[in-house]
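Heads up: the structure comes next, in structure tokens.
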Amino acid sequence: GGFLYDSDSYADDLPYWTREYGDDDHNKNKPHLIIPYTLSENDMRFASPNGFSNAEQFTTYLKDSLDYLVEEGRRGSPKMMTVGLHCRLVGRPGRAKGLEEFLDYAKSLESDVWICRRDQIASHWYQHHYPDDLKSSL
């Protein structure tokens with residue numbers, strides 16, 4: 001399809017490359033980047049019976065998750081944290097406040113956290129983590 005990446009996977013915590021895409025001989029060997037999605041750090045949990053009841057629960061869960069991942073990164077094993085958001089869920093005023101608090105907290109961690117879009121993650125992976133055997137084809 002010529003996409004930069006896709007997020008149709010829950011299979012990992014970090015982006016990864018696959019060669020399982022491509023419908024012709026030319027594209028079968030071309031790596032395809034997967035940037036996994038998550039159902040854990042996701043506002044859809046406001047819509048599930050055992051999910052978040054209020055913005056404070058959402059914020060606390062996100063902050064706890066981020067704190068744990070930052071500590072892993074400080075020990076030499078950086079990770080990616082995806083936060084799934086949907087305007088009809090987190091966009092409600094009482095929930096948006098929780099997102100705002102989390103983003104303020106994440107920004108306060110400064111250089112320990114990179115807040116970015118998925119296309120920026122993809123660009124980083126293409127530049128720094130492209131499969132070694134195909135770097136000359138970039």
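In the structure tokens, the first chain shown is A, the next is B, and so on; residue numbers restart at 1 for each chain, and ligands run from 1 in the order shown.
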
Just list as a ChimeraX atom specification whatever in chain A DSSP marks as strand (DSSP E or B). /A:6,16-18,32-34,42,84

Convert the current residue selection to file output with all heavy atoms, as an mmCIF file, in the first residue's frame.
data_model
loop_
_atom_site.group_PDB
_atom_site.id
_atom_site.type_symbol
_atom_site.label_atom_id
_atom_site.label_comp_id
_atom_site.auth_asym_id
_atom_site.auth_seq_id
_atom_site.Cartn_x
_atom_site.Cartn_y
_atom_site.Cartn_z
ATOM 1 N N ASP A 6 1.953 1.084 9.843
ATOM 2 C CA ASP A 6 0.581 0.848 10.270
ATOM 3 C C ASP A 6 0.574 0.523 11.753
ATOM 4 O O ASP A 6 1.620 0.247 12.337
ATOM 5 C CB ASP A 6 -0.134 -0.211 9.424
ATOM 6 C CG ASP A 6 0.199 -1.632 9.789
ATOM 7 O OD1 ASP A 6 -0.020 -2.037 10.946
ATOM 8 O OD2 ASP A 6 0.662 -2.376 8.899
ATOM 9 N N TYR A 16 8.342 -2.378 15.239
ATOM 10 C CA TYR A 16 9.137 -3.473 14.687
ATOM 11 C C TYR A 16 8.888 -3.551 13.188
ATOM 12 O O TYR A 16 7.927 -3.000 12.654
ATOM 13 C CB TYR A 16 8.809 -4.802 15.371
ATOM 14 C CG TYR A 16 7.381 -5.262 15.232
ATOM 15 C CD1 TYR A 16 6.991 -6.118 14.200
ATOM 16 C CD2 TYR A 16 6.407 -4.850 16.145
ATOM 17 C CE1 TYR A 16 5.681 -6.535 14.075
ATOM 18 C CE2 TYR A 16 5.099 -5.271 16.033
ATOM 19 C CZ TYR A 16 4.733 -6.109 14.997
ATOM 20 O OH TYR A 16 3.436 -6.517 14.872
ATOM 21 N N TRP A 17 9.795 -4.234 12.509
ATOM 22 C CA TRP A 17 9.730 -4.386 11.058
ATOM 23 C C TRP A 17 9.200 -5.772 10.704
ATOM 24 O O TRP A 17 9.478 -6.741 11.401
ATOM 25 C CB TRP A 17 11.119 -4.220 10.447
ATOM 26 C CG TRP A 17 11.690 -2.866 10.678
ATOM 27 C CD1 TRP A 17 12.536 -2.489 11.683
ATOM 28 C CD2 TRP A 17 11.444 -1.691 9.909
ATOM 29 N NE1 TRP A 17 12.836 -1.154 11.569
ATOM 30 C CE2 TRP A 17 12.184 -0.637 10.489
ATOM 31 C CE3 TRP A 17 10.661 -1.420 8.774
ATOM 32 C CZ2 TRP A 17 12.168 0.653 9.979
ATOM 33 C CZ3 TRP A 17 10.653 -0.138 8.267
ATOM 34 C CH2 TRP A 17 11.394 0.885 8.859
ATOM 35 N N THR A 18 8.469 -5.840 9.612
ATOM 36 C CA THR A 18 8.002 -7.119 9.087
ATOM 37 C C THR A 18 8.176 -7.100 7.577
ATOM 38 O O THR A 18 8.235 -6.037 6.960
ATOM 39 C CB THR A 18 6.526 -7.393 9.470
ATOM 40 O OG1 THR A 18 6.165 -8.680 8.989
ATOM 41 C CG2 THR A 18 5.588 -6.351 8.895
ATOM 42 N N HIS A 32 8.310 -3.414 6.256
ATOM 43 C CA HIS A 32 7.154 -2.587 6.585
ATOM 44 C C HIS A 32 7.178 -2.350 8.089
ATOM 45 O O HIS A 32 7.339 -3.282 8.879
ATOM 46 C CB HIS A 32 5.867 -3.304 6.178
ATOM 47 C CG HIS A 32 4.632 -2.537 6.521
ATOM 48 N ND1 HIS A 32 4.273 -1.394 5.861
ATOM 49 C CD2 HIS A 32 3.695 -2.747 7.482
ATOM 50 C CE1 HIS A 32 3.146 -0.926 6.393
ATOM 51 N NE2 HIS A 32 2.780 -1.734 7.377
ATOM 52 N N LEU A 33 7.020 -1.093 8.499
ATOM 53 C CA LEU A 33 7.095 -0.723 9.911
ATOM 54 C C LEU A 33 5.732 -0.851 10.587
ATOM 55 O O LEU A 33 4.733 -0.340 10.093
ATOM 56 C CB LEU A 33 7.605 0.718 10.046
ATOM 57 C CG LEU A 33 7.780 1.242 11.469
ATOM 58 C CD1 LEU A 33 8.819 0.426 12.237
ATOM 59 C CD2 LEU A 33 8.170 2.716 11.431
ATOM 60 N N ILE A 34 5.733 -1.513 11.721
ATOM 61 C CA ILE A 34 4.547 -1.634 12.566
ATOM 62 C C ILE A 34 4.794 -0.801 13.814
ATOM 63 O O ILE A 34 5.787 -1.008 14.520
ATOM 64 C CB ILE A 34 4.290 -3.093 12.992
ATOM 65 C CG1 ILE A 34 4.265 -4.042 11.790
ATOM 66 C CG2 ILE A 34 3.022 -3.186 13.835
ATOM 67 C CD1 ILE A 34 3.118 -3.846 10.850
ATOM 68 N N ASN A 42 -5.605 3.732 27.080
ATOM 69 C CA ASN A 42 -6.555 4.064 26.027
ATOM 70 C C ASN A 42 -7.851 4.585 26.669
ATOM 71 O O ASN A 42 -8.363 3.989 27.618
ATOM 72 C CB ASN A 42 -6.841 2.787 25.221
ATOM 73 C CG ASN A 42 -7.552 3.059 23.937
ATOM 74 O OD1 ASN A 42 -8.549 3.760 23.904
ATOM 75 N ND2 ASN A 42 -7.046 2.475 22.860
ATOM 76 N N GLY A 84 -4.034 5.848 23.461
ATOM 77 C CA GLY A 84 -5.124 5.864 22.492
ATOM 78 C C GLY A 84 -6.197 6.858 22.911
ATOM 79 O O GLY A 84 -6.698 6.792 24.036
#

Need the shell around Val113 of chain A: protein/DNA/RNA residues with any atom at most 8 Å away, counting only C-alpha atoms. Skip same-chain ones fewer than 6 positions apart. Format as a PyMOL selection string? chain A and resi 70+106-107

Which residues, written as a list of chain:residue names, have at least one atom at most 12 Å from Gly73 of chain A, with only C-alpha atoms counted and residues fewer than 5 positions away on the same chain left out? A:Leu66, A:Asp67, A:Tyr68, A:Pro78, A:Lys79, A:Met80, A:Met81, A:Ser111, A:Asp112, A:Val113, A:Trp114

Write the residues of the selection above to a file with N, CA, C and O atoms, as a PDB file, in the first residue's frame.
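So result-v9.pdb came out as:
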ATOM      1  N   LEU A  66       3.682   5.757  32.716  1.00  0.00           N
ATOM      2  CA  LEU A  66       4.807   6.556  32.235  1.00  0.00           C
ATOM      3  C   LEU A  66       5.978   6.495  33.214  1.00  0.00           C
ATOM      4  O   LEU A  66       7.130   6.330  32.801  1.00  0.00           O
ATOM      5  N   ASP A  67       5.702   6.617  34.497  1.00  0.00           N
ATOM      6  CA  ASP A  67       6.771   6.552  35.501  1.00  0.00           C
ATOM      7  C   ASP A  67       7.544   5.239  35.399  1.00  0.00           C
ATOM      8  O   ASP A  67       8.777   5.216  35.455  1.00  0.00           O
ATOM      9  N   TYR A  68       6.825   4.158  35.239  1.00  0.00           N
ATOM     10  CA  TYR A  68       7.471   2.847  35.139  1.00  0.00           C
ATOM     11  C   TYR A  68       8.348   2.770  33.896  1.00  0.00           C
ATOM     12  O   TYR A  68       9.488   2.296  33.948  1.00  0.00           O
ATOM     13  N   PRO A  78      14.907   1.862  26.899  1.00  0.00           N
ATOM     14  CA  PRO A  78      13.809   2.790  26.584  1.00  0.00           C
ATOM     15  C   PRO A  78      12.621   2.086  25.937  1.00  0.00           C
ATOM     16  O   PRO A  78      12.783   1.092  25.237  1.00  0.00           O
ATOM     17  N   LYS A  79      11.456   2.609  26.178  1.00  0.00           N
ATOM     18  CA  LYS A  79      10.221   2.051  25.647  1.00  0.00           C
ATOM     19  C   LYS A  79       9.367   3.143  25.010  1.00  0.00           C
ATOM     20  O   LYS A  79       9.669   4.320  25.117  1.00  0.00           O
ATOM     21  N   MET A  80       8.307   2.734  24.395  1.00  0.00           N
ATOM     22  CA  MET A  80       7.340   3.645  23.797  1.00  0.00           C
ATOM     23  C   MET A  80       6.016   3.467  24.537  1.00  0.00           C
ATOM     24  O   MET A  80       5.606   2.350  24.834  1.00  0.00           O
ATOM     25  N   MET A  81       5.360   4.576  24.820  1.00  0.00           N
ATOM     26  CA  MET A  81       4.037   4.527  25.441  1.00  0.00           C
ATOM     27  C   MET A  81       3.045   5.163  24.483  1.00  0.00           C
ATOM     28  O   MET A  81       3.161   6.336  24.145  1.00  0.00           O
ATOM     29  N   SER A 111      13.553  15.938  29.221  1.00  0.00           N
ATOM     30  CA  SER A 111      14.318  15.116  28.271  1.00  0.00           C
ATOM     31  C   SER A 111      14.108  13.613  28.455  1.00  0.00           C
ATOM     32  O   SER A 111      14.546  12.829  27.617  1.00  0.00           O
ATOM     33  N   ASP A 112      13.437  13.198  29.512  1.00  0.00           N
ATOM     34  CA  ASP A 112      13.152  11.769  29.695  1.00  0.00           C
ATOM     35  C   ASP A 112      11.989  11.293  28.830  1.00  0.00           C
ATOM     36  O   ASP A 112      11.768  10.095  28.709  1.00  0.00           O
ATOM     37  N   VAL A 113      11.239  12.240  28.256  1.00  0.00           N
ATOM     38  CA  VAL A 113      10.033  11.892  27.500  1.00  0.00           C
ATOM     39  C   VAL A 113      10.012  12.661  26.187  1.00  0.00           C
ATOM     40  O   VAL A 113      10.264  13.862  26.156  1.00  0.00           O
ATOM     41  N   TRP A 114       9.726  11.955  25.118  1.00  0.00           N
ATOM     42  CA  TRP A 114       9.540  12.579  23.814  1.00  0.00           C
ATOM     43  C   TRP A 114       8.056  12.452  23.478  1.00  0.00           C
ATOM     44  O   TRP A 114       7.553  11.352  23.255  1.00  0.00           O
TER      45      TRP A 114
END

Please determine, counting only C-alpha atoms, which residue among A:Leu99, A:Tyr130, A:Ser40, A:His124 has the shortest atom-to-atom distance to Asn54 of chain A.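 Result for the nearest residue to Asn54 of chain A: A:Leu99.
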
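Shortest atom-to-atom contact with Arg118 of chain A among A:Gly98, A:Pro31, A:Gly2, A:Pro36: A:Pro36, counting only C-alpha atoms.
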
I need the residues in chain A that are alpha helix (DSSP H) according to DSSP; give them as a short mmCIF file (atom, residue, chain, number, x, y, z; two decimals) with C-alpha atoms, in the first residue's frame.
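That gives us states09.cif:
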data_model
loop_
_atom_site.label_atom_id
_atom_site.label_comp_id
_atom_site.auth_asym_id
_atom_site.auth_seq_id
_atom_site.Cartn_x
_atom_site.Cartn_y
_atom_site.Cartn_z
CA ASP A 25 7.84 -9.85 -5.90
CA HIS A 26 9.20 -6.29 -5.73
CA ASN A 27 7.51 -5.39 -2.44
CA LYS A 28 7.84 -8.74 -0.65
CA ALA A 55 -10.57 11.57 34.75
CA GLU A 56 -8.53 11.07 37.93
CA GLN A 57 -8.37 7.30 37.38
CA PHE A 58 -7.29 7.85 33.76
CA THR A 59 -4.60 10.35 34.78
CA THR A 60 -3.28 8.18 37.59
CA TYR A 61 -3.07 5.13 35.34
CA LEU A 62 -1.25 7.05 32.61
CA LYS A 63 1.18 8.66 35.07
CA ASP A 64 1.93 5.33 36.75
CA SER A 65 2.55 3.72 33.35
CA LEU A 66 4.81 6.56 32.24
CA ASP A 67 6.77 6.55 35.50
CA TYR A 68 7.47 2.85 35.14
CA LEU A 69 8.59 3.21 31.51
CA VAL A 70 10.80 6.21 32.31
CA GLU A 71 12.55 4.14 35.00
CA GLU A 72 13.09 1.32 32.50
CA GLY A 73 14.57 3.86 30.11
CA ARG A 74 16.90 5.25 32.76
CA CYS A 87 -12.62 12.75 20.56
CA ARG A 88 -16.02 11.36 21.58
CA LEU A 89 -14.51 9.90 24.77
CA VAL A 90 -11.62 11.93 26.15
CA PRO A 93 -14.87 18.19 29.50
CA GLY A 94 -14.65 16.03 32.61
CA ARG A 95 -12.30 13.62 30.89
CA ALA A 96 -10.28 16.20 28.95
CA LYS A 97 -9.11 17.62 32.27
CA GLY A 98 -7.45 14.30 33.06
CA LEU A 99 -5.66 14.26 29.71
CA GLU A 100 -4.50 17.82 30.25
CA GLU A 101 -3.08 16.90 33.67
CA PHE A 102 -1.27 13.90 32.22
CA LEU A 103 0.25 15.92 29.37
CA ASP A 104 1.44 18.59 31.80
CA TYR A 105 3.03 15.85 33.90
CA ALA A 106 4.69 14.20 30.88
CA LYS A 107 6.08 17.55 29.73
CA SER A 108 7.51 18.15 33.22
CA ARG A 118 3.24 8.39 15.08
CA ASP A 119 4.68 9.76 11.84
CA GLN A 120 7.56 11.21 13.89
CA ILE A 121 8.14 7.82 15.50
CA ALA A 122 8.15 6.24 12.05
CA SER A 123 10.69 8.77 10.76
CA HIS A 124 12.91 8.05 13.76
CA TRP A 125 12.72 4.29 13.14
CA TYR A 126 13.47 4.71 9.45
CA GLN A 127 16.53 6.81 10.30
CA HIS A 128 17.86 4.84 13.29
#

Computed interatomic separation between atom CA of Tyr5 of chain A and atom CA of Ser77 of chain A (Å):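 So the answer is 22.9 Å.
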